[in-house]
$ cat start-v8.txt   # compact mmCIF, C-alpha atoms
# COMPACT_ATOMS: atom_id res chain seq x y z
CA MET K 1 -10.03 14.57 -0.28
CA GLU K 2 -11.59 17.79 0.99
CA PHE K 3 -13.24 17.80 4.40
CA ASP K 4 -16.02 20.17 5.41
CA THR K 5 -16.15 21.69 8.88
CA LYS K 6 -18.56 19.03 10.11
CA ASN K 7 -16.23 16.23 9.04
CA ILE K 8 -13.23 18.02 10.54
CA ALA K 9 -15.07 18.35 13.86
CA LEU K 10 -15.89 14.65 13.75
CA ILE K 11 -12.29 13.65 12.90
CA LYS K 12 -11.02 15.79 15.78
CA ALA K 13 -13.54 14.21 18.18
CA LEU K 14 -12.68 10.70 16.99
CA GLN K 15 -9.04 11.25 17.99
CA LYS K 16 -10.00 11.84 21.62
CA ASP K 17 -9.30 9.33 24.32
CA VAL K 18 -12.79 7.79 24.65
CA TYR K 19 -12.42 4.16 23.60
CA LEU K 20 -11.86 2.58 27.00
CA GLU K 21 -15.45 3.19 27.96
CA ALA K 22 -18.59 1.15 27.47
CA GLU K 23 -20.23 3.60 25.05
CA PRO K 24 -17.45 5.48 23.26
CA PHE K 25 -19.49 6.62 20.26
CA GLN K 26 -22.20 8.02 22.53
CA LYS K 27 -19.51 10.18 24.17
CA ILE K 28 -18.40 11.44 20.77
CA ALA K 29 -22.01 12.10 19.76
CA ASP K 30 -22.60 14.06 22.98
CA SER K 31 -19.47 16.15 22.48
CA LEU K 32 -20.59 17.10 18.96
CA GLY K 33 -24.29 17.44 19.73
CA LEU K 34 -25.14 14.83 17.11
CA PRO K 35 -27.35 11.76 17.35
CA LEU K 36 -25.47 8.50 18.05
CA SER K 37 -26.78 6.93 14.85
CA GLU K 38 -25.27 9.70 12.73
CA VAL K 39 -21.84 9.32 14.35
CA ILE K 40 -21.86 5.55 13.81
CA GLU K 41 -22.96 5.97 10.21
CA LYS K 42 -20.24 8.58 9.55
CA VAL K 43 -17.48 6.45 11.09
CA LYS K 44 -18.57 3.51 8.96
CA GLU K 45 -18.54 5.78 5.92
CA LEU K 46 -14.98 7.01 6.67
CA LYS K 47 -13.93 3.37 7.09
CA GLY K 48 -15.58 2.42 3.82
CA LEU K 49 -13.77 5.24 2.02
CA GLY K 50 -10.46 4.12 3.51
CA VAL K 51 -9.97 7.49 5.24
CA ILE K 52 -9.93 5.39 8.40
CA ARG K 53 -7.74 2.51 7.26
CA ARG K 54 -8.26 0.56 10.47
CA PHE K 55 -10.29 1.01 13.62
CA GLY K 56 -9.26 -0.76 16.78
CA ALA K 57 -6.38 -1.67 19.03
CA ALA K 58 -2.70 -1.25 18.18
CA LEU K 59 -0.32 -3.43 20.15
CA THR K 60 3.20 -2.91 21.38
CA PRO K 61 4.85 -5.74 19.43
CA ALA K 62 7.60 -6.35 21.99
CA LYS K 63 5.02 -6.76 24.78
CA ALA K 64 2.61 -8.86 22.75
CA GLY K 65 5.14 -11.67 22.35
CA PHE K 66 7.08 -10.34 19.35
CA LYS K 67 10.52 -9.86 20.82
CA THR K 68 12.55 -9.47 17.63
CA ASN K 69 11.35 -6.64 15.44
CA ALA K 70 13.52 -5.70 12.52
CA MET K 71 13.46 -3.57 9.44
CA ILE K 72 15.06 -5.50 6.61
CA VAL K 73 16.16 -3.61 3.53
CA TRP K 74 16.69 -5.44 0.25
CA ASP K 75 18.65 -4.63 -2.87
CA LEU K 76 16.29 -5.29 -5.80
CA GLU K 77 19.30 -6.29 -7.92
CA GLY K 78 17.52 -4.95 -10.99
CA LYS K 79 14.57 -7.31 -10.57
CA GLU K 80 10.97 -6.30 -11.26
CA GLU K 81 9.69 -4.51 -8.15
CA ASP K 82 5.98 -5.30 -8.64
CA LYS K 83 6.37 -9.05 -8.43
CA ILE K 84 8.95 -8.97 -5.64
CA GLY K 85 6.86 -6.53 -3.60
CA GLU K 86 3.81 -8.79 -3.81
CA ILE K 87 5.86 -11.81 -2.76
CA MET K 88 7.31 -10.03 0.26
CA ALA K 89 3.97 -8.50 1.28
CA SER K 90 2.21 -11.88 1.23
CA HIS K 91 4.30 -13.19 4.13
CA PRO K 92 2.19 -13.09 7.34
CA ARG K 93 5.07 -11.83 9.50
CA VAL K 94 5.77 -8.88 7.20
CA SER K 95 3.66 -5.97 8.46
CA HIS K 96 4.92 -3.22 6.16
CA CYS K 97 6.40 -3.45 2.67
CA TYR K 98 7.44 -0.34 0.71
CA ILE K 99 9.72 0.66 -2.16
CA ARG K 100 11.76 3.79 -1.43
CA PRO K 101 14.46 5.58 -3.40
CA PRO K 102 18.03 4.36 -2.93
CA PHE K 103 20.50 6.99 -1.71
CA GLU K 104 24.20 7.72 -1.46
CA GLY K 105 26.02 4.47 -0.68
CA PHE K 106 22.74 2.69 0.13
CA THR K 107 21.48 0.53 -2.74
CA TYR K 108 18.63 -1.05 -0.78
CA SER K 109 15.20 0.10 -1.89
CA LEU K 110 12.72 -2.55 -0.72
CA TYR K 111 11.79 -2.13 2.93
CA THR K 112 10.09 -4.85 4.96
CA MET K 113 9.14 -4.69 8.64
CA THR K 114 9.06 -8.09 10.30
CA HIS K 115 7.86 -9.25 13.70
CA SER K 116 9.05 -12.49 15.22
CA ASN K 117 9.31 -14.27 18.55
CA SER K 118 13.06 -14.88 18.44
CA ASP K 119 16.19 -14.22 16.46
CA GLU K 120 16.03 -17.78 15.23
CA GLU K 121 12.55 -17.18 13.82
CA LEU K 122 13.71 -13.92 12.24
CA GLN K 123 16.46 -15.85 10.42
CA ASP K 124 13.85 -18.37 9.21
CA ILE K 125 11.63 -15.56 7.90
CA ILE K 126 14.56 -13.94 6.07
CA LYS K 127 15.56 -17.27 4.55
CA GLU K 128 12.00 -17.80 3.33
CA LEU K 129 11.71 -14.27 1.90
CA SER K 130 15.07 -14.60 0.18
CA GLU K 131 14.20 -17.97 -1.38
CA LYS K 132 10.76 -16.83 -2.58
CA SER K 133 11.96 -13.51 -3.99
CA GLY K 134 15.36 -14.57 -5.27
CA LEU K 135 16.93 -11.54 -3.57
CA THR K 136 20.18 -12.21 -1.75
CA ARG K 137 21.56 -8.78 -0.87
CA TYR K 138 19.92 -7.43 2.26
CA ARG K 139 20.65 -5.79 5.57
CA ILE K 140 18.93 -6.37 8.91
CA LEU K 141 18.38 -3.06 10.68
CA ARG K 142 17.51 -4.25 14.16
CA THR K 143 15.93 -1.76 16.52
CA VAL K 144 18.54 -0.60 19.03
CA LYS K 145 16.17 1.82 20.75
CA GLU K 146 12.64 3.06 20.20
CA LEU K 147 12.97 6.81 20.74
CA LYS K 148 9.45 7.84 19.80
CA LYS K 149 6.27 6.09 18.78
CA THR K 150 2.96 7.91 18.68
CA SER K 151 0.03 8.44 16.36
CA PRO K 152 -0.25 11.53 14.17
CA VAL K 153 -2.77 14.19 15.16
CA TYR K 154 -4.89 15.47 12.30
CA PHE K 155 -6.50 18.92 12.35
CA GLY K 156 -4.90 19.33 15.78
CA MET B 157 -2.41 -12.96 29.10
CA ASP B 158 -4.99 -15.77 29.02
CA SER B 159 -6.69 -17.36 26.02
CA ILE B 160 -9.68 -14.99 26.26
CA ASP B 161 -7.30 -12.00 26.24
CA ARG B 162 -5.72 -13.34 23.06
CA GLU B 163 -9.12 -13.84 21.45
CA ILE B 164 -10.16 -10.31 22.41
CA LEU B 165 -6.92 -8.86 21.01
CA ASN B 166 -7.32 -10.68 17.71
CA ILE B 167 -10.88 -9.33 17.39
CA ILE B 168 -10.35 -5.72 18.44
CA GLN B 169 -7.19 -5.17 16.38
CA SER B 170 -9.06 -5.18 13.10
CA ASP B 171 -12.71 -5.70 13.91
CA PHE B 172 -13.53 -3.26 16.72
CA PRO B 173 -17.33 -2.95 16.50
CA ILE B 174 -18.54 0.46 15.35
CA SER B 175 -21.68 0.21 17.44
CA PRO B 176 -23.28 1.68 20.59
CA GLU B 177 -21.69 -0.87 22.95
CA PRO B 178 -18.59 -2.34 21.27
CA TYR B 179 -17.33 -4.26 24.30
CA ALA B 180 -20.69 -5.96 24.87
CA GLU B 181 -20.47 -7.25 21.29
CA VAL B 182 -16.90 -8.46 21.66
CA GLY B 183 -17.82 -10.07 24.99
CA ALA B 184 -20.72 -11.93 23.37
CA ARG B 185 -18.27 -13.36 20.82
CA VAL B 186 -15.80 -14.64 23.42
CA GLY B 187 -18.40 -15.69 26.01
CA ILE B 188 -17.97 -13.09 28.76
CA SER B 189 -19.86 -9.94 29.73
CA GLY B 190 -19.21 -6.56 28.15
CA GLU B 191 -18.15 -5.27 31.54
CA ASP B 192 -15.52 -8.00 31.95
CA THR B 193 -14.32 -7.46 28.38
CA LEU B 194 -13.77 -3.77 29.04
CA LYS B 195 -11.95 -4.59 32.28
CA LYS B 196 -9.62 -6.96 30.43
CA VAL B 197 -8.90 -4.40 27.71
CA ARG B 198 -8.11 -1.78 30.37
CA VAL B 199 -5.60 -4.17 31.98
CA LEU B 200 -4.00 -4.91 28.58
CA LEU B 201 -3.65 -1.16 28.03
CA ALA B 202 -2.24 -0.56 31.52
CA ASP B 203 0.29 -3.38 30.93
CA GLY B 204 1.35 -1.73 27.68
CA ILE B 205 0.37 -4.71 25.53
CA ILE B 206 -2.17 -2.43 23.86
CA ARG B 207 -0.66 0.91 22.83
CA LYS B 208 -3.86 2.59 21.66
CA VAL B 209 -7.48 1.93 20.82
CA GLY B 210 -9.05 4.13 18.19
CA PRO B 211 -9.00 5.12 14.53
CA PHE B 212 -5.94 4.91 12.28
CA PHE B 213 -6.26 7.35 9.43
CA ASP B 214 -4.76 7.00 5.97
CA ALA B 215 -2.36 9.96 5.79
CA ALA B 216 -2.68 10.33 2.01
CA LYS B 217 -6.48 10.24 2.10
CA MET B 218 -6.36 12.85 4.85
CA GLY B 219 -4.49 15.01 2.37
CA HIS B 220 -1.18 14.60 4.19
CA LYS B 221 2.29 13.68 2.95
CA SER B 222 4.29 11.03 4.75
CA THR B 223 7.88 9.95 4.49
CA LEU B 224 10.67 7.99 6.13
CA CYS B 225 13.94 9.80 6.76
CA SER B 226 17.35 8.61 7.81
CA VAL B 227 20.45 10.31 9.09
CA GLN B 228 23.78 9.22 10.52
CA VAL B 229 24.23 10.64 14.02
CA PRO B 230 27.39 10.15 16.09
CA ASP B 231 26.79 8.23 19.35
CA GLU B 232 27.41 11.23 21.58
CA LYS B 233 24.77 13.27 19.73
CA VAL B 234 21.98 10.68 19.55
CA GLN B 235 20.13 11.93 22.62
CA LEU B 236 20.38 15.57 21.55
CA VAL B 237 19.07 14.87 18.05
CA ALA B 238 16.40 12.47 19.39
CA ASP B 239 15.12 15.20 21.71
CA ILE B 240 14.94 17.71 18.86
CA ILE B 241 13.09 15.18 16.69
CA SER B 242 10.67 14.18 19.46
CA GLY B 243 9.63 17.80 19.82
CA TYR B 244 7.83 17.71 16.47
CA PRO B 245 4.25 16.37 16.61
CA GLU B 246 4.62 15.66 12.87
CA ILE B 247 7.28 13.05 13.68
CA THR B 248 5.50 9.94 14.89
CA HIS B 249 8.17 7.24 14.88
CA ASN B 250 11.88 7.52 15.64
CA TYR B 251 14.21 4.55 15.95
CA LEU B 252 17.89 4.08 16.61
CA ARG B 253 18.93 1.14 14.41
CA GLU B 254 21.98 -0.98 13.70
CA GLY B 255 24.22 0.07 10.82
CA ARG B 256 24.64 3.33 8.94
CA PRO B 257 22.65 5.54 8.80
CA ASN B 258 21.59 4.80 12.37
CA LEU B 259 18.59 7.10 12.99
CA TRP B 260 15.30 6.48 11.15
CA PHE B 261 12.16 8.55 11.63
CA THR B 262 8.80 9.14 9.94
CA VAL B 263 7.26 12.52 9.21
CA ILE B 264 3.57 13.15 8.45
CA ALA B 265 2.65 16.73 7.52
CA PRO B 266 0.08 18.58 5.41
CA THR B 267 2.62 19.55 2.72
CA GLU B 268 6.00 18.55 1.35
CA GLU B 269 7.18 22.10 2.09
CA ARG B 270 6.48 21.58 5.79
CA ILE B 271 8.44 18.30 5.72
CA ALA B 272 11.40 20.05 4.05
CA GLU B 273 11.21 22.82 6.66
CA ILE B 274 11.27 20.31 9.54
CA LEU B 275 14.24 18.46 8.04
CA SER B 276 16.28 21.61 7.56
CA GLU B 277 15.50 22.71 11.15
CA ILE B 278 16.66 19.34 12.51
CA SER B 279 19.80 19.51 10.41
CA GLU B 280 20.57 22.99 11.66
CA LYS B 281 19.69 22.55 15.34
CA GLY B 282 21.24 19.08 15.61
CA GLY B 283 24.26 19.78 13.44
CA VAL B 284 23.63 16.63 11.38
CA ALA B 285 23.62 16.18 7.61
CA PRO B 286 22.67 14.94 5.15
CA ILE B 287 19.17 13.85 6.14
CA TYR B 288 17.86 11.47 3.49
CA ASN B 289 14.16 11.97 2.66
CA LEU B 290 12.78 8.65 1.39
CA PRO B 291 9.07 8.90 0.53
CA ALA B 292 7.53 5.59 -0.55
CA LYS B 293 7.43 5.09 -4.31
CA ARG B 294 5.20 2.05 -3.90
CA MET B 295 3.31 0.63 -0.93
CA PHE B 296 2.60 -3.07 -0.94
CA LYS B 297 1.47 -3.55 2.63
CA VAL B 298 0.55 -1.47 5.67
CA LYS B 299 -0.80 -3.87 8.19
CA VAL B 300 -0.61 -3.21 11.85
CA ASP B 301 -2.56 -6.08 13.32
CA LEU B 302 -0.50 -8.94 14.61
CA LYS B 303 -2.13 -12.31 14.96
CA ILE B 304 -1.57 -13.42 18.52
CA MET B 305 -0.81 -17.13 18.71
CA GLY B 306 -0.94 -19.37 21.74
CA SER B 307 -3.34 -21.76 23.44
$ encode --input "start-v8.txt" --output "structure tokens"
Amino acid sequence: MEFDTKNIALIKALQKDVYLEAEPFQKIADSLGLPLSEVIEKVKELKGLGVIRRFGAALTPAKAGFKTNAMIVWDLEGKEEDKIGEIMASHPRVSHCYIRPPFEGFTYSLYTMTHSNSDEELQDIIKELSEKSGLTRYRILRTVKELKKTSPVYFG
Amino acid sequence: MDSIDREILNIIQSDFPISPEPYAEVGARVGISGEDTLKKVRVLLADGIIRKVGPFFDAAKMGHKSTLCSVQVPDEKVQLVADIISGYPEITHNYLREGRPNLWFTVIAPTEERIAEILSEISEKGGVAPIYNLPAKRMFKVKVDLKIMGS
């Protein structure tokens, strides 16, 4: 998608730290010299187009009660990726589900990110995913340390 | 966190009102004032339960390329390589994980050339190789809101 200068200015302004105030969109409108109604309409349009895939709060899983966060990688074992991907993605505790290329010595190509309250619950989720998908070869890549987590800056 | 906090979190994760006074609207839904709602959200942010409030853009629709990369880094070099990686604004997530390879990070940049450039710089400055570049072939789910349970 191509963005004109007006849209780029809006996207830049939308990335500013204004959302912990009573009238955030008014602040954005003021900074751009646009009427509030136009800003609201434009944001809704960007949401409708999927350019903004979500608008709202992002949580820190570990602090919001999800103590065990793990990336689980699965070997597709030659099975059809479409069906397996849908099965994995439909689980409520799976937040991300992607297929990536395998690489040297690493045959796992289905990636799922799971959030759970305990290690016990993580094991239950894995058991469920394994039974539903029929996949049995997987590895749990538990987070040892979060070294960086931020949001990307567009047109920065 | 009380039950109203949980209700607020479940609403504002995916349904933050795009309106003149978003917190007044959320407050009306949970039965408190907009002012009190905003106060609660500020506390949740200060406590680190909320990481950010705002828009999450679709990298591809913004014309950007995104990928996940992994590299095996010896224990004694993890901090050095992590510091190099953290210096790039294009790298948004970086995790030390169990197993081999042990370092996993995401890159979002305007072009694949820029991603390749960043990876070769990291490899050179950190003295680590190979860095595996694993762009998604298929995406089945990208959901960041977590339903908060509890009374």
$ interface_residues --input "start-v8.txt" --of "chain B" --to "chain K" --cutoff "7 Å" --atoms "only C-alpha atoms" --output "PDB file with C-alpha atoms, in the coordinates of the input"
ATOM      1  CA  ILE B 168     -10.350  -5.720  18.440  1.00  0.00           C
ATOM      2  CA  GLN B 169      -7.190  -5.170  16.380  1.00  0.00           C
ATOM      3  CA  SER B 170      -9.060  -5.180  13.100  1.00  0.00           C
ATOM      4  CA  ASP B 171     -12.710  -5.700  13.910  1.00  0.00           C
ATOM      5  CA  PHE B 172     -13.530  -3.260  16.720  1.00  0.00           C
ATOM      6  CA  ILE B 174     -18.540   0.460  15.350  1.00  0.00           C
ATOM      7  CA  SER B 175     -21.680   0.210  17.440  1.00  0.00           C
ATOM      8  CA  PRO B 176     -23.280   1.680  20.590  1.00  0.00           C
ATOM      9  CA  GLU B 177     -21.690  -0.870  22.950  1.00  0.00           C
ATOM     10  CA  TYR B 179     -17.330  -4.260  24.300  1.00  0.00           C
ATOM     11  CA  LEU B 194     -13.770  -3.770  29.040  1.00  0.00           C
ATOM     12  CA  ARG B 198      -8.110  -1.780  30.370  1.00  0.00           C
ATOM     13  CA  GLY B 204       1.350  -1.730  27.680  1.00  0.00           C
ATOM     14  CA  ILE B 205       0.370  -4.710  25.530  1.00  0.00           C
ATOM     15  CA  ILE B 206      -2.170  -2.430  23.860  1.00  0.00           C
ATOM     16  CA  ARG B 207      -0.660   0.910  22.830  1.00  0.00           C
ATOM     17  CA  LYS B 208      -3.860   2.590  21.660  1.00  0.00           C
ATOM     18  CA  VAL B 209      -7.480   1.930  20.820  1.00  0.00           C
ATOM     19  CA  GLY B 210      -9.050   4.130  18.190  1.00  0.00           C
ATOM     20  CA  PRO B 211      -9.000   5.120  14.530  1.00  0.00           C
ATOM     21  CA  PHE B 212      -5.940   4.910  12.280  1.00  0.00           C
ATOM     22  CA  PHE B 213      -6.260   7.350   9.430  1.00  0.00           C
ATOM     23  CA  ASP B 214      -4.760   7.000   5.970  1.00  0.00           C
ATOM     24  CA  LYS B 217      -6.480  10.240   2.100  1.00  0.00           C
ATOM     25  CA  MET B 218      -6.360  12.850   4.850  1.00  0.00           C
ATOM     26  CA  GLY B 219      -4.490  15.010   2.370  1.00  0.00           C
ATOM     27  CA  ALA B 238      16.400  12.470  19.390  1.00  0.00           C
ATOM     28  CA  SER B 242      10.670  14.180  19.460  1.00  0.00           C
ATOM     29  CA  GLU B 246       4.620  15.660  12.870  1.00  0.00           C
ATOM     30  CA  THR B 248       5.500   9.940  14.890  1.00  0.00           C
ATOM     31  CA  HIS B 249       8.170   7.240  14.880  1.00  0.00           C
ATOM     32  CA  ASN B 250      11.880   7.520  15.640  1.00  0.00           C
ATOM     33  CA  TYR B 251      14.210   4.550  15.950  1.00  0.00           C
ATOM     34  CA  LEU B 252      17.890   4.080  16.610  1.00  0.00           C
ATOM     35  CA  ARG B 253      18.930   1.140  14.410  1.00  0.00           C
ATOM     36  CA  GLU B 254      21.980  -0.980  13.700  1.00  0.00           C
ATOM     37  CA  GLY B 255      24.220   0.070  10.820  1.00  0.00           C
ATOM     38  CA  LEU B 290      12.780   8.650   1.390  1.00  0.00           C
ATOM     39  CA  PRO B 291       9.070   8.900   0.530  1.00  0.00           C
ATOM     40  CA  ALA B 292       7.530   5.590  -0.550  1.00  0.00           C
ATOM     41  CA  LYS B 293       7.430   5.090  -4.310  1.00  0.00           C
ATOM     42  CA  ARG B 294       5.200   2.050  -3.900  1.00  0.00           C
ATOM     43  CA  MET B 295       3.310   0.630  -0.930  1.00  0.00           C
ATOM     44  CA  PHE B 296       2.600  -3.070  -0.940  1.00  0.00           C
ATOM     45  CA  LYS B 297       1.470  -3.550   2.630  1.00  0.00           C
ATOM     46  CA  VAL B 298       0.550  -1.470   5.670  1.00  0.00           C
ATOM     47  CA  LYS B 299      -0.800  -3.870   8.190  1.00  0.00           C
ATOM     48  CA  VAL B 300      -0.610  -3.210  11.850  1.00  0.00           C
ATOM     49  CA  ASP B 301      -2.560  -6.080  13.320  1.00  0.00           C
TER      50      ASP B 301
END
$ atom_distance --input "start-v8.txt" --atom1 "atom CA of Pro230 of chain B" --atom2 "atom CA of Ala272 of chain B"
22.3 Å
$ atom_distance --input "start-v8.txt" --atom1 "atom CA of Gly283 of chain B" --atom2 "atom CA of His220 of chain B"
27.6 Å
$ atom_distance --input "start-v8.txt" --atom1 "atom CA of Lys132 of chain K" --atom2 "atom CA of His91 of chain K"
10.0 Å
$ axis_aligned_box --input "start-v8.txt" --around "segment 95-106 of chain K" --padding-each-side "4 Å" --output "JSON"
{"center_x": 14.8, "center_y": 0.9, "center_z": 2.5, "size_x": 30.4, "size_y": 21.7, "size_z": 19.9}
$ closest_residue --input "start-v8.txt" --among "B:Leu302, B:Ala184, B:Pro173, B:Glu268" --to "Ile160 of chain B" --atoms "all atoms listed in the file"
B:Ala184
$ decode --input "start-v8.txt" --residues "segment 103-112 of chain K" --atoms "all heavy atoms" --output "JSON list (two decimals), in the first residue's frame"
[["chain", "number", "residue", "atom", "x", "y", "z"],
["K", 103, "PHE", "N", 15.62, -25.43, 8.83],
["K", 103, "PHE", "CA", 17.02, -25.10, 8.51],
["K", 103, "PHE", "C", 17.94, -26.19, 9.04],
["K", 103, "PHE", "O", 17.48, -27.11, 9.75],
["K", 103, "PHE", "CB", 17.38, -23.70, 9.02],
["K", 103, "PHE", "CG", 17.20, -23.48, 10.50],
["K", 103, "PHE", "CD1", 18.24, -23.66, 11.39],
["K", 103, "PHE", "CD2", 15.96, -23.08, 11.00],
["K", 103, "PHE", "CE1", 18.08, -23.44, 12.75],
["K", 103, "PHE", "CE2", 15.78, -22.87, 12.37],
["K", 103, "PHE", "CZ", 16.84, -23.05, 13.24],
["K", 104, "GLU", "N", 19.16, -26.07, 8.68],
["K", 104, "GLU", "CA", 20.23, -26.99, 9.08],
["K", 104, "GLU", "C", 20.04, -27.65, 10.45],
["K", 104, "GLU", "O", 20.14, -27.00, 11.49],
["K", 104, "GLU", "CB", 21.50, -26.12, 9.13],
["K", 104, "GLU", "CG", 22.80, -26.82, 9.06],
["K", 104, "GLU", "CD", 23.93, -25.83, 9.33],
["K", 104, "GLU", "OE1", 23.74, -24.60, 9.19],
["K", 104, "GLU", "OE2", 25.02, -26.31, 9.68],
["K", 105, "GLY", "N", 19.74, -28.93, 10.46],
["K", 105, "GLY", "CA", 19.62, -29.67, 11.71],
["K", 105, "GLY", "C", 18.36, -29.36, 12.51],
["K", 105, "GLY", "O", 18.21, -29.81, 13.63],
["K", 106, "PHE", "N", 17.46, -28.57, 11.94],
["K", 106, "PHE", "CA", 16.25, -28.13, 12.64],
["K", 106, "PHE", "C", 15.07, -28.40, 11.72],
["K", 106, "PHE", "O", 14.82, -27.65, 10.78],
["K", 106, "PHE", "CB", 16.39, -26.63, 12.95],
["K", 106, "PHE", "CG", 15.48, -26.09, 14.02],
["K", 106, "PHE", "CD1", 15.89, -26.01, 15.35],
["K", 106, "PHE", "CD2", 14.21, -25.61, 13.70],
["K", 106, "PHE", "CE1", 15.07, -25.47, 16.34],
["K", 106, "PHE", "CE2", 13.39, -25.08, 14.69],
["K", 106, "PHE", "CZ", 13.82, -25.02, 16.01],
["K", 107, "THR", "N", 14.37, -29.52, 11.99],
["K", 107, "THR", "CA", 13.31, -29.94, 11.06],
["K", 107, "THR", "C", 11.94, -29.36, 11.42],
["K", 107, "THR", "O", 10.96, -29.63, 10.76],
["K", 107, "THR", "CB", 13.20, -31.48, 11.05],
["K", 107, "THR", "OG1", 12.97, -31.90, 12.41],
["K", 107, "THR", "CG2", 14.47, -32.13, 10.53],
["K", 108, "TYR", "N", 11.92, -28.56, 12.49],
["K", 108, "TYR", "CA", 10.63, -28.02, 12.96],
["K", 108, "TYR", "C", 10.25, -26.80, 12.12],
["K", 108, "TYR", "O", 11.05, -25.89, 11.95],
["K", 108, "TYR", "CB", 10.74, -27.62, 14.43],
["K", 108, "TYR", "CG", 11.34, -28.72, 15.28],
["K", 108, "TYR", "CD1", 12.72, -28.73, 15.55],
["K", 108, "TYR", "CD2", 10.56, -29.76, 15.75],
["K", 108, "TYR", "CE1", 13.27, -29.76, 16.30],
["K", 108, "TYR", "CE2", 11.11, -30.79, 16.50],
["K", 108, "TYR", "CZ", 12.46, -30.78, 16.77],
["K", 108, "TYR", "OH", 13.02, -31.80, 17.51],
["K", 109, "SER", "N", 9.02, -26.78, 11.62],
["K", 109, "SER", "CA", 8.64, -25.65, 10.77],
["K", 109, "SER", "C", 7.33, -24.99, 11.19],
["K", 109, "SER", "O", 6.99, -23.92, 10.69],
["K", 109, "SER", "CB", 8.58, -26.08, 9.31],
["K", 109, "SER", "OG", 7.70, -27.15, 9.16],
["K", 110, "LEU", "N", 6.59, -25.60, 12.11],
["K", 110, "LEU", "CA", 5.36, -24.97, 12.61],
["K", 110, "LEU", "C", 5.66, -24.35, 13.97],
["K", 110, "LEU", "O", 6.12, -25.04, 14.88],
["K", 110, "LEU", "CB", 4.24, -26.00, 12.72],
["K", 110, "LEU", "CG", 2.89, -25.45, 13.19],
["K", 110, "LEU", "CD1", 2.20, -24.69, 12.07],
["K", 110, "LEU", "CD2", 1.99, -26.55, 13.69],
["K", 111, "TYR", "N", 5.43, -23.04, 14.07],
["K", 111, "TYR", "CA", 5.75, -22.32, 15.30],
["K", 111, "TYR", "C", 4.47, -21.89, 16.00],
["K", 111, "TYR", "O", 3.61, -21.25, 15.39],
["K", 111, "TYR", "CB", 6.55, -21.05, 14.98],
["K", 111, "TYR", "CG", 7.99, -21.30, 14.55],
["K", 111, "TYR", "CD1", 8.28, -21.98, 13.37],
["K", 111, "TYR", "CD2", 9.05, -20.85, 15.34],
["K", 111, "TYR", "CE1", 9.60, -22.21, 12.98],
["K", 111, "TYR", "CE2", 10.37, -21.07, 14.96],
["K", 111, "TYR", "CZ", 10.64, -21.75, 13.78],
["K", 111, "TYR", "OH", 11.94, -21.97, 13.39],
["K", 112, "THR", "N", 4.34, -22.25, 17.28],
["K", 112, "THR", "CA", 3.19, -21.76, 18.05],
["K", 112, "THR", "C", 3.70, -21.08, 19.31],
["K", 112, "THR", "O", 4.62, -21.55, 19.95],
["K", 112, "THR", "CB", 2.25, -22.92, 18.48],
["K", 112, "THR", "OG1", 3.00, -23.92, 19.16],
["K", 112, "THR", "CG2", 1.55, -23.54, 17.28]]
